[in-house]
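Pasted below: input_2.cif, mmCIF, N, CA and C atoms.
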```
data_final
loop_
_atom_site.label_atom_id
_atom_site.label_comp_id
_atom_site.auth_asym_id
_atom_site.auth_seq_id
_atom_site.Cartn_x
_atom_site.Cartn_y
_atom_site.Cartn_z
N MET A 95 64.99 192.82 77.77
CA MET A 95 63.75 192.25 77.28
C MET A 95 62.65 192.59 78.28
N LYS A 96 61.49 192.93 77.75
CA LYS A 96 60.34 193.26 78.58
C LYS A 96 59.32 192.13 78.55
N ALA A 97 58.53 192.05 79.61
CA ALA A 97 57.52 191.00 79.71
C ALA A 97 56.54 191.04 78.54
N GLU A 98 56.17 192.23 78.09
CA GLU A 98 55.20 192.36 76.99
C GLU A 98 55.74 191.72 75.71
N GLU A 99 57.05 191.71 75.55
CA GLU A 99 57.66 191.13 74.35
C GLU A 99 57.53 189.61 74.30
N VAL A 100 57.49 188.99 75.45
CA VAL A 100 57.41 187.52 75.51
C VAL A 100 56.03 187.04 75.96
N ASP A 101 55.14 187.97 76.26
CA ASP A 101 53.78 187.64 76.70
C ASP A 101 52.79 188.31 75.75
N ARG A 102 52.95 188.02 74.47
CA ARG A 102 52.13 188.68 73.44
C ARG A 102 50.64 188.40 73.59
N LYS A 103 50.28 187.22 74.07
CA LYS A 103 48.86 186.88 74.26
C LYS A 103 48.33 187.43 75.59
N GLY A 104 49.22 187.89 76.45
CA GLY A 104 48.81 188.43 77.74
C GLY A 104 48.47 187.36 78.77
N LEU A 105 48.89 186.12 78.52
CA LEU A 105 48.56 185.03 79.45
C LEU A 105 49.15 185.26 80.83
N MET A 106 50.40 185.65 80.88
CA MET A 106 51.04 185.86 82.19
C MET A 106 50.42 187.06 82.90
N ARG A 107 50.24 188.15 82.16
CA ARG A 107 49.65 189.36 82.75
C ARG A 107 48.29 189.03 83.36
N GLU A 108 47.45 188.32 82.58
CA GLU A 108 46.11 187.99 83.07
C GLU A 108 46.14 187.03 84.25
N SER A 109 47.08 186.10 84.27
CA SER A 109 47.14 185.15 85.39
C SER A 109 47.39 185.87 86.71
N TYR A 110 48.10 186.97 86.65
CA TYR A 110 48.40 187.72 87.87
C TYR A 110 47.20 188.53 88.38
N VAL A 111 46.19 188.73 87.55
CA VAL A 111 45.03 189.50 88.01
C VAL A 111 43.81 188.62 88.31
N ILE A 112 43.90 187.33 88.06
CA ILE A 112 42.79 186.42 88.37
C ILE A 112 42.78 186.18 89.87
N GLU A 113 41.73 186.62 90.50
CA GLU A 113 41.63 186.48 91.94
C GLU A 113 41.41 185.03 92.33
N GLY A 114 42.18 184.55 93.28
CA GLY A 114 42.02 183.19 93.80
C GLY A 114 42.56 182.10 92.89
N ILE A 115 43.40 182.46 91.92
CA ILE A 115 43.95 181.45 91.01
C ILE A 115 44.83 180.48 91.80
N SER A 116 44.77 179.21 91.42
CA SER A 116 45.52 178.18 92.15
C SER A 116 46.82 177.86 91.42
N GLU A 117 47.70 177.18 92.11
CA GLU A 117 48.96 176.78 91.51
C GLU A 117 48.76 175.83 90.32
N PRO A 118 47.87 174.83 90.41
CA PRO A 118 47.65 173.98 89.24
C PRO A 118 47.15 174.77 88.02
N GLU A 119 46.29 175.75 88.27
CA GLU A 119 45.82 176.59 87.16
C GLU A 119 46.98 177.40 86.57
N CYS A 120 47.86 177.87 87.43
CA CYS A 120 49.04 178.62 86.97
C CYS A 120 49.95 177.72 86.13
N ARG A 121 50.10 176.49 86.53
CA ARG A 121 50.93 175.55 85.75
C ARG A 121 50.35 175.35 84.35
N SER A 122 49.06 175.22 84.28
CA SER A 122 48.40 175.04 82.99
C SER A 122 48.62 176.26 82.10
N ILE A 123 48.45 177.44 82.65
CA ILE A 123 48.68 178.68 81.91
C ILE A 123 50.14 178.78 81.49
N PHE A 124 51.04 178.42 82.41
CA PHE A 124 52.48 178.47 82.11
C PHE A 124 52.81 177.58 80.91
N PHE A 125 52.30 176.37 80.88
CA PHE A 125 52.60 175.47 79.76
C PHE A 125 52.05 176.02 78.44
N ASP A 126 50.86 176.57 78.49
CA ASP A 126 50.29 177.17 77.28
C ASP A 126 51.16 178.33 76.81
N TRP A 127 51.59 179.16 77.73
CA TRP A 127 52.46 180.30 77.42
C TRP A 127 53.79 179.82 76.86
N ALA A 128 54.40 178.85 77.52
CA ALA A 128 55.71 178.35 77.09
C ALA A 128 55.64 177.76 75.68
N LEU A 129 54.56 177.05 75.39
CA LEU A 129 54.40 176.45 74.06
C LEU A 129 54.17 177.50 72.98
N SER A 130 53.72 178.69 73.38
CA SER A 130 53.45 179.73 72.40
C SER A 130 54.65 180.65 72.16
N LEU A 131 55.76 180.40 72.86
CA LEU A 131 56.95 181.22 72.63
C LEU A 131 57.45 180.99 71.21
N PRO A 132 57.96 182.03 70.56
CA PRO A 132 58.46 181.86 69.20
C PRO A 132 59.64 180.90 69.15
N ALA A 133 59.79 180.22 68.02
CA ALA A 133 60.92 179.31 67.83
C ALA A 133 62.21 180.10 68.01
N GLY A 134 63.13 179.52 68.73
CA GLY A 134 64.41 180.17 68.97
C GLY A 134 64.43 181.06 70.21
N GLN A 135 63.28 181.33 70.78
CA GLN A 135 63.21 182.16 71.99
C GLN A 135 63.72 181.34 73.18
N ASP A 136 64.68 181.86 73.89
CA ASP A 136 65.19 181.19 75.08
C ASP A 136 64.14 181.29 76.18
N ALA A 137 63.60 180.15 76.59
CA ALA A 137 62.52 180.13 77.58
C ALA A 137 62.97 180.71 78.92
N ARG A 138 64.20 180.44 79.30
CA ARG A 138 64.68 180.96 80.60
C ARG A 138 64.76 182.48 80.58
N ASP A 139 65.19 183.05 79.46
CA ASP A 139 65.22 184.51 79.35
C ASP A 139 63.81 185.09 79.41
N ALA A 140 62.88 184.41 78.76
CA ALA A 140 61.48 184.85 78.78
C ALA A 140 60.92 184.79 80.20
N ILE A 141 61.21 183.71 80.90
CA ILE A 141 60.74 183.58 82.28
C ILE A 141 61.33 184.69 83.14
N ARG A 142 62.60 184.96 82.97
CA ARG A 142 63.24 186.04 83.75
C ARG A 142 62.57 187.38 83.49
N ALA A 143 62.22 187.64 82.24
CA ALA A 143 61.57 188.91 81.89
C ALA A 143 60.21 189.03 82.58
N VAL A 144 59.45 187.93 82.57
CA VAL A 144 58.13 187.95 83.20
C VAL A 144 58.27 188.10 84.71
N LEU A 145 59.22 187.39 85.29
CA LEU A 145 59.43 187.51 86.74
C LEU A 145 59.87 188.91 87.13
N ALA A 146 60.73 189.51 86.33
CA ALA A 146 61.21 190.86 86.65
C ALA A 146 60.08 191.87 86.64
N ASP A 147 59.12 191.68 85.76
CA ASP A 147 58.02 192.63 85.66
C ASP A 147 56.86 192.23 86.57
N TYR A 148 56.15 191.18 86.21
CA TYR A 148 54.96 190.80 86.96
C TYR A 148 55.29 190.17 88.32
N GLY A 149 56.27 189.29 88.34
CA GLY A 149 56.61 188.57 89.56
C GLY A 149 57.15 189.47 90.66
N SER A 150 57.87 190.52 90.26
CA SER A 150 58.44 191.42 91.27
C SER A 150 57.34 192.18 92.02
N ARG A 151 56.19 192.34 91.38
CA ARG A 151 55.07 193.05 92.03
C ARG A 151 54.21 192.11 92.88
N ALA A 152 54.38 190.80 92.68
CA ALA A 152 53.56 189.82 93.40
C ALA A 152 54.40 188.62 93.79
N PRO A 153 55.35 188.80 94.71
CA PRO A 153 56.27 187.70 95.04
C PRO A 153 55.61 186.47 95.65
N ASP A 154 54.42 186.62 96.24
CA ASP A 154 53.74 185.49 96.87
C ASP A 154 52.68 184.86 95.98
N HIS A 155 52.58 185.30 94.75
CA HIS A 155 51.56 184.79 93.82
C HIS A 155 51.95 183.38 93.36
N PRO A 156 50.98 182.49 93.17
CA PRO A 156 51.32 181.13 92.71
C PRO A 156 52.02 181.11 91.35
N MET A 157 51.74 182.07 90.47
CA MET A 157 52.43 182.09 89.17
C MET A 157 53.91 182.42 89.36
N THR A 158 54.22 183.26 90.32
CA THR A 158 55.62 183.58 90.61
C THR A 158 56.35 182.31 91.02
N LYS A 159 55.69 181.48 91.82
CA LYS A 159 56.29 180.21 92.25
C LYS A 159 56.51 179.30 91.05
N VAL A 160 55.52 179.19 90.18
CA VAL A 160 55.62 178.33 88.99
C VAL A 160 56.75 178.82 88.09
N LEU A 161 56.82 180.12 87.86
CA LEU A 161 57.88 180.67 87.01
C LEU A 161 59.26 180.44 87.62
N THR A 162 59.37 180.62 88.92
CA THR A 162 60.65 180.40 89.60
C THR A 162 61.07 178.95 89.46
N GLU A 163 60.13 178.03 89.60
CA GLU A 163 60.44 176.61 89.43
C GLU A 163 60.85 176.32 87.99
N GLY A 164 60.32 177.08 87.05
CA GLY A 164 60.67 176.91 85.65
C GLY A 164 62.12 177.26 85.34
N LEU A 165 62.73 178.04 86.22
CA LEU A 165 64.14 178.40 86.03
C LEU A 165 65.10 177.33 86.53
N VAL A 166 64.61 176.45 87.38
CA VAL A 166 65.46 175.40 87.95
C VAL A 166 65.75 174.36 86.87
N ALA A 167 67.01 174.09 86.68
CA ALA A 167 67.40 173.09 85.68
C ALA A 167 66.92 171.71 86.12
N ALA A 168 66.38 170.98 85.19
CA ALA A 168 65.92 169.63 85.50
C ALA A 168 67.12 168.74 85.79
N ALA A 169 66.99 167.93 86.80
CA ALA A 169 68.07 166.99 87.14
C ALA A 169 68.13 165.90 86.07
N PRO A 170 69.34 165.43 85.76
CA PRO A 170 69.43 164.36 84.77
C PRO A 170 68.73 163.10 85.28
N PRO A 171 68.05 162.37 84.39
CA PRO A 171 67.33 161.18 84.84
C PRO A 171 68.30 160.11 85.35
N LYS A 172 67.84 159.39 86.35
CA LYS A 172 68.64 158.29 86.89
C LYS A 172 68.20 157.00 86.23
N ARG A 173 69.14 156.14 86.02
CA ARG A 173 68.82 154.85 85.41
C ARG A 173 68.05 154.02 86.42
N ARG A 174 66.96 153.44 85.94
CA ARG A 174 66.13 152.61 86.81
C ARG A 174 65.96 151.26 86.16
N GLY A 175 66.31 150.26 86.87
CA GLY A 175 66.03 148.90 86.40
C GLY A 175 66.80 148.51 85.16
N GLY A 176 66.20 147.69 84.36
CA GLY A 176 66.84 147.20 83.14
C GLY A 176 67.46 145.84 83.40
N ARG A 177 68.01 145.24 82.37
CA ARG A 177 68.56 143.89 82.46
C ARG A 177 69.70 143.79 83.49
N ALA A 178 70.59 144.77 83.49
CA ALA A 178 71.75 144.72 84.40
C ALA A 178 71.30 144.69 85.86
N ALA A 179 70.22 145.37 86.17
CA ALA A 179 69.73 145.40 87.55
C ALA A 179 69.11 144.06 87.95
N ARG A 180 68.63 143.30 86.98
CA ARG A 180 67.96 142.03 87.30
C ARG A 180 68.93 140.86 87.31
N VAL A 181 70.14 141.01 86.83
CA VAL A 181 71.09 139.90 86.74
C VAL A 181 71.36 139.29 88.10
N GLY A 182 71.42 140.09 89.14
CA GLY A 182 71.72 139.60 90.47
C GLY A 182 70.56 138.89 91.14
N GLN A 183 69.38 138.88 90.53
CA GLN A 183 68.22 138.28 91.17
C GLN A 183 68.15 136.80 90.98
#
```

Serialized structure, structure tokens:
Amino acid sequence: MKAEEVDRKGLMRESYVIEGISEPECRSIFFDWALSLPAGQDARDAIRAVLADYGSRAPDHPMTKVLTEGLVAAAPPKRRGGRAARVGQ
């Protein structure tokens, strides 16, 4: 898979050429891009394709960091509070 196939709007390509772009701006672009992926498209595969193309040329770019973080599996949520936690009070 190539980056152009999963970056049809060119959001990722353009983010890499914006001079002085910040990490928060990259996160915003990333979410817009991720939401525009076609139904059924594996987001992790799409991220890998973008990283292999654009990210490999700019390893220190904030978008590369955002994309890399996007590959990390989210930790399962921990139970917080609730009735059982208050019984001992």

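Proximity to A:Pro153 was assessed for A:Tyr110, A:Lys96, A:Ile123, A:Leu129 counting only C-alpha atoms; the smallest distance is recorded for A:Tyr110.
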
So what does the PyMOL selection byres ((chain A and resi 140) around 8) actually pick up in this one, as a compact mmCIF listing (two decimals) with N, CA and C atoms, in the coordinates of the input?
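As a result, selection.txt now contains:
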```txt
# COMPACT_ATOMS: atom_id res chain seq x y z
N MET A 95 64.99 192.82 77.77
CA MET A 95 63.75 192.25 77.28
C MET A 95 62.65 192.59 78.28
N LYS A 96 61.49 192.93 77.75
CA LYS A 96 60.34 193.26 78.58
C LYS A 96 59.32 192.13 78.55
N ALA A 97 58.53 192.05 79.61
CA ALA A 97 57.52 191.00 79.71
C ALA A 97 56.54 191.04 78.54
N GLU A 99 57.05 191.71 75.55
CA GLU A 99 57.66 191.13 74.35
C GLU A 99 57.53 189.61 74.30
N VAL A 100 57.49 188.99 75.45
CA VAL A 100 57.41 187.52 75.51
C VAL A 100 56.03 187.04 75.96
N ASP A 101 55.14 187.97 76.26
CA ASP A 101 53.78 187.64 76.70
C ASP A 101 52.79 188.31 75.75
N GLN A 135 63.28 181.33 70.78
CA GLN A 135 63.21 182.16 71.99
C GLN A 135 63.72 181.34 73.18
N ASP A 136 64.68 181.86 73.89
CA ASP A 136 65.19 181.19 75.08
C ASP A 136 64.14 181.29 76.18
N ALA A 137 63.60 180.15 76.59
CA ALA A 137 62.52 180.13 77.58
C ALA A 137 62.97 180.71 78.92
N ARG A 138 64.20 180.44 79.30
CA ARG A 138 64.68 180.96 80.60
C ARG A 138 64.76 182.48 80.58
N ASP A 139 65.19 183.05 79.46
CA ASP A 139 65.22 184.51 79.35
C ASP A 139 63.81 185.09 79.41
N ILE A 141 61.21 183.71 80.90
CA ILE A 141 60.74 183.58 82.28
C ILE A 141 61.33 184.69 83.14
N ARG A 142 62.60 184.96 82.97
CA ARG A 142 63.24 186.04 83.75
C ARG A 142 62.57 187.38 83.49
N ALA A 143 62.22 187.64 82.24
CA ALA A 143 61.57 188.91 81.89
C ALA A 143 60.21 189.03 82.58
N VAL A 144 59.45 187.93 82.57
CA VAL A 144 58.13 187.95 83.20
C VAL A 144 58.27 188.10 84.71
N LEU A 145 59.22 187.39 85.29
CA LEU A 145 59.43 187.51 86.74
C LEU A 145 59.87 188.91 87.13
N ALA A 146 60.73 189.51 86.33
CA ALA A 146 61.21 190.86 86.65
C ALA A 146 60.08 191.87 86.64
```

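Between atom C of A:Gly149 and atom CA of A:Leu131 the interatomic distance comes to 19.8 Å.
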
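From atom N of A:Ala128 back to atom CA of A:Ile115, the distance works out to 17.3 Å.
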
For the alpha helix (DSSP H) assignment from backbone DSSP, which residues of chain A qualify? Please present them as a VMD selection string.
chain A and resid 97 to 100 105 to 109 117 to 129 137 to 144 150 to 151 156 to 165 177 to 180

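In this comparison, which uses only C-alpha atoms, the residue of A:Arg151, A:Glu98, A:Thr158, A:Met106 approaching A:Phe125 most closely is A:Met106.
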
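Counting all atoms listed in the file and comparing A:Ala152, A:Ile112, A:Leu165, A:Leu105, the residue that lies closest to A:Asp126 is A:Leu105.
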
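For the point (49.1, 182.3, 89.6), the residues with at least one atom inside 6 Å, counting only N, CA and C atoms, are A:Ser109, A:Tyr110, A:Ile115, A:Ser116, A:Glu117, A:Cys120, A:His155, A:Pro156, A:Met157, A:Thr158.
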
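Atom pair atom C of A:Glu113 / atom C of A:Val166 has a distance of 27.1 Å (rounded to one decimal).
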